[in-house]
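> Quick one: this structure, given as structure tokens, is what I'll be asking you about.
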Amino acid sequence: MKKKLRIKKEDEFQLVFKKGESSANRQFVVYVLEKPDQDYFRIGLSVSKKIGNAVVRNQIKRYIRQAFLELKEDIGAGKDYIVIARKPAAEMDFFEVKSSLIHVLKRSKSLNFSKKKQ
């Protein structure tokens with residue numbers, strides 16, 4: 001992902017946690033913060049050591065980034081997203097991760113699907 005599409009700084013994470021809206025399912029928690037002056041979305045990832053070793057954690061992060069890239073036309077611009085992976089995400093393949101993220105993004109009303117894509 002391009003640098004401008006990432007959230008890396010602690011204070012930016014905390015702002016999204018404090019002022020953003022959260023929605024969750026069994027695999028992911030997603031915090032969404034509206035940023036109307038921004039013409040793109042940004043994502044921050046949090047995958048705890050409780051989920052697995054570095055290989056597993058990095059694989060989950062790659063899956064999440066790829067899912068967001070594939071959904072970028074349907075994701076609302078002008079928003080910051082923080083995605084927190086939960087334990088069940090460690091056993092999922094890419095397509096399960098993507099469908100789980102679609103589910104939680106629909107719950108947060110952040111997806112603009114005109115027809116179902118997967």
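Just remember, in the structure tokens the first chain shown is A, the second B, etc., residues are 1-based per chain, and ligands are 1-based in the order shown.
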Do you know which residues are at most 6 Å from region 13-19 of chain A counting only C-alpha atoms, after dropping those on the same chain fewer than 2 positions away, and could you put them as a PyMOL selection string?
chain A and resi 10-11+33
> Output N, CA and C atoms for every residue in that selection, as a tab-separated table (two decimals), in the first residue's frame.

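Saved as selection-v9.tsv:
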chain	number	residue	atom	x	y	z
A	10	GLU	N	1.10	6.68	16.61
A	10	GLU	CA	0.30	6.35	17.79
A	10	GLU	C	-0.83	7.36	18.02
A	11	ASP	N	-0.55	8.66	17.85
A	11	ASP	CA	-1.59	9.66	18.09
A	11	ASP	C	-2.72	9.58	17.07
A	33	LEU	N	-13.35	6.46	11.38
A	33	LEU	CA	-13.43	7.89	11.72
A	33	LEU	C	-13.61	8.68	10.43
> Would you tabulate, counting only C-alpha atoms, all residues of region 53-108 of chain A that have an atom at most 8 Å from an atom of region 36-43 of chain A, showing the closest pair of atoms and their distance in Å to one decimal, sorted by chain then ascending number, as a tab-separated table?

residue	atom	partner	partner_atom	distance
A:Ile75	CA	A:Phe41	CA	7.8
A:Gly76	CA	A:Phe41	CA	7.0
A:Ala77	CA	A:Tyr40	CA	4.5
A:Gly78	CA	A:Gln38	CA	4.6
A:Lys79	CA	A:Phe41	CA	4.9
A:Asp80	CA	A:Arg42	CA	4.8
A:Tyr81	CA	A:Ile43	CA	4.6
A:Ile82	CA	A:Ile43	CA	5.6
A:Val83	CA	A:Ile43	CA	7.3
> Could you write those residues out with N, CA and C atoms, as an mmCIF file, in the first residue's frame?

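File written: result-v2.cif
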data_model
loop_
_atom_site.group_PDB
_atom_site.id
_atom_site.type_symbol
_atom_site.label_atom_id
_atom_site.label_comp_id
_atom_site.auth_asym_id
_atom_site.auth_seq_id
_atom_site.Cartn_x
_atom_site.Cartn_y
_atom_site.Cartn_z
ATOM 1 N N ILE A 75 -15.123 1.308 -0.977
ATOM 2 C CA ILE A 75 -14.897 1.849 0.362
ATOM 3 C C ILE A 75 -14.970 3.368 0.296
ATOM 4 N N GLY A 76 -15.669 3.936 1.263
ATOM 5 C CA GLY A 76 -15.852 5.388 1.280
ATOM 6 C C GLY A 76 -14.547 6.139 1.465
ATOM 7 N N ALA A 77 -14.310 7.128 0.612
ATOM 8 C CA ALA A 77 -13.136 7.992 0.767
ATOM 9 C C ALA A 77 -13.398 8.957 1.912
ATOM 10 N N GLY A 78 -12.346 9.548 2.423
ATOM 11 C CA GLY A 78 -12.505 10.495 3.510
ATOM 12 C C GLY A 78 -12.731 9.829 4.849
ATOM 13 N N LYS A 79 -12.170 8.641 5.027
ATOM 14 C CA LYS A 79 -12.318 7.924 6.296
ATOM 15 C C LYS A 79 -10.995 7.289 6.686
ATOM 16 N N ASP A 80 -10.798 7.164 7.993
ATOM 17 C CA ASP A 80 -9.670 6.405 8.532
ATOM 18 C C ASP A 80 -10.222 5.130 9.142
ATOM 19 N N TYR A 81 -9.563 4.010 8.863
ATOM 20 C CA TYR A 81 -9.978 2.707 9.381
ATOM 21 C C TYR A 81 -8.855 2.114 10.218
ATOM 22 N N ILE A 82 -9.212 1.568 11.374
ATOM 23 C CA ILE A 82 -8.291 0.752 12.155
ATOM 24 C C ILE A 82 -8.892 -0.643 12.178
ATOM 25 N N VAL A 83 -8.134 -1.643 11.741
ATOM 26 C CA VAL A 83 -8.601 -3.024 11.737
ATOM 27 C C VAL A 83 -7.810 -3.784 12.791
#
> Please return, as a ChimeraX atom specification, all residues of chain A that DSSP assigns to alpha helix (DSSP H) on the basis of the backbone.
/A:10-19,54-70,94-107
> Using only C-alpha atoms, pick whichever of A:Arg26, A:Gly20, A:Ala90, A:Lys4 has the shortest atom-to-atom distance to Val55 (chain A).
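Of the candidates, the smallest distance to Val55 (chain A) is held by A:Ala90.
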> Please determine, counting only C-alpha atoms, which residue among A:Val97, A:Ala67, A:Val104, A:Ala89 has the shortest atom-to-atom distance to Lys50 (chain A).
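Distance minimum relative to Lys50 (chain A) lands on A:Ala89.
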> Which residue, A:Glu70, A:Ala85, A:Ile64, A:Val30, has the smallest gap to Gly52 (chain A) when you use only C-alpha atoms?
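Ranked by minimum distance to Gly52 (chain A), first place goes to A:Ala85.
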> Between A:Ala54, A:Ala24, A:Leu71, A:Ile84, which residue has the minimum interatomic distance to Asn112 (chain A), considering only C-alpha atoms?
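When distances to Asn112 (chain A) are compared using only C-alpha atoms, the smallest one comes from A:Leu71.
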> DSSP on the backbone: which residues in region 29-106 of chain A end up as strand (DSSP E or B)? Give the answer as a list in words.
Val29, Val30, Tyr31, Val32, Leu33, Glu34, Arg42, Ile43, Gly44, Leu45, Ser46, Ile75, Lys79, Asp80, Tyr81, Ile82, Val83, Ile84 and Ala85 of chain A
> Since we have the selection now, will you write its residues out, keeping C-alpha atoms, as a PDB file, in the first residue's frame?

ATOM      1  CA  VAL A  29     -12.974  -5.117  14.984  1.00  0.00           C
ATOM      2  CA  VAL A  30     -13.061  -2.077  12.705  1.00  0.00           C
ATOM      3  CA  TYR A  31     -12.954   1.517  13.931  1.00  0.00           C
ATOM      4  CA  VAL A  32     -14.046   4.154  11.402  1.00  0.00           C
ATOM      5  CA  LEU A  33     -13.428   7.886  11.717  1.00  0.00           C
ATOM      6  CA  GLU A  34     -14.942  10.353   9.233  1.00  0.00           C
ATOM      7  CA  ARG A  42      -6.322   5.252   5.231  1.00  0.00           C
ATOM      8  CA  ILE A  43      -5.969   2.023   7.165  1.00  0.00           C
ATOM      9  CA  GLY A  44      -4.092   1.051  10.289  1.00  0.00           C
ATOM     10  CA  LEU A  45      -3.615  -2.573  11.316  1.00  0.00           C
ATOM     11  CA  SER A  46      -3.277  -4.136  14.729  1.00  0.00           C
ATOM     12  CA  ILE A  75     -14.897   1.849   0.362  1.00  0.00           C
ATOM     13  CA  LYS A  79     -12.318   7.924   6.296  1.00  0.00           C
ATOM     14  CA  ASP A  80      -9.670   6.405   8.532  1.00  0.00           C
ATOM     15  CA  TYR A  81      -9.978   2.707   9.381  1.00  0.00           C
ATOM     16  CA  ILE A  82      -8.291   0.752  12.155  1.00  0.00           C
ATOM     17  CA  VAL A  83      -8.601  -3.024  11.737  1.00  0.00           C
ATOM     18  CA  ILE A  84      -7.910  -5.197  14.779  1.00  0.00           C
ATOM     19  CA  ALA A  85      -7.591  -8.907  14.087  1.00  0.00           C
TER      20      ALA A  85
END
> How many Å lie between CA of Lys87 (chain A) and CA of Gln27 (chain A), rounded to one decimal?
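These atoms are spaced 6.8 Å apart.
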> Please determine, counting only C-alpha atoms, which residue among A:Val56, A:Leu5, A:Val47, A:Pro88 has the shortest atom-to-atom distance to Phe68 (chain A).
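Between A:Val56, A:Leu5, A:Val47, A:Pro88, the residue approaching Phe68 (chain A) most closely is A:Leu5.
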> Compile the contact shell of Met1 (chain A) as a PyMOL selection string: residues with an atom at most 8 Å away, counting only C-alpha atoms, same-chain residues fewer than 2 positions apart removed.
chain A and resi 3+5-6+65+69
> Take the residues just selected and output them with N, CA and C atoms as a PDB file, in the first residue's frame.

ATOM      1  N   LYS A   3       2.221   4.888   1.052  1.00  0.00           N
ATOM      2  CA  LYS A   3       2.413   5.446   2.390  1.00  0.00           C
ATOM      3  C   LYS A   3       1.267   6.339   2.836  1.00  0.00           C
ATOM      4  N   LEU A   5      -1.733   5.989   2.353  1.00  0.00           N
ATOM      5  CA  LEU A   5      -2.923   5.205   2.695  1.00  0.00           C
ATOM      6  C   LEU A   5      -2.776   4.455   4.015  1.00  0.00           C
ATOM      7  N   ARG A   6      -1.679   4.676   4.742  1.00  0.00           N
ATOM      8  CA  ARG A   6      -1.430   3.949   5.983  1.00  0.00           C
ATOM      9  C   ARG A   6      -1.497   4.876   7.187  1.00  0.00           C
ATOM     10  N   ARG A  65      -4.632  -6.033   3.872  1.00  0.00           N
ATOM     11  CA  ARG A  65      -4.251  -4.984   2.906  1.00  0.00           C
ATOM     12  C   ARG A  65      -4.764  -5.315   1.510  1.00  0.00           C
ATOM     13  N   LEU A  69      -7.384  -3.281  -0.859  1.00  0.00           N
ATOM     14  CA  LEU A  69      -7.049  -2.855  -2.221  1.00  0.00           C
ATOM     15  C   LEU A  69      -8.098  -3.313  -3.224  1.00  0.00           C
TER      16      LEU A  69
END
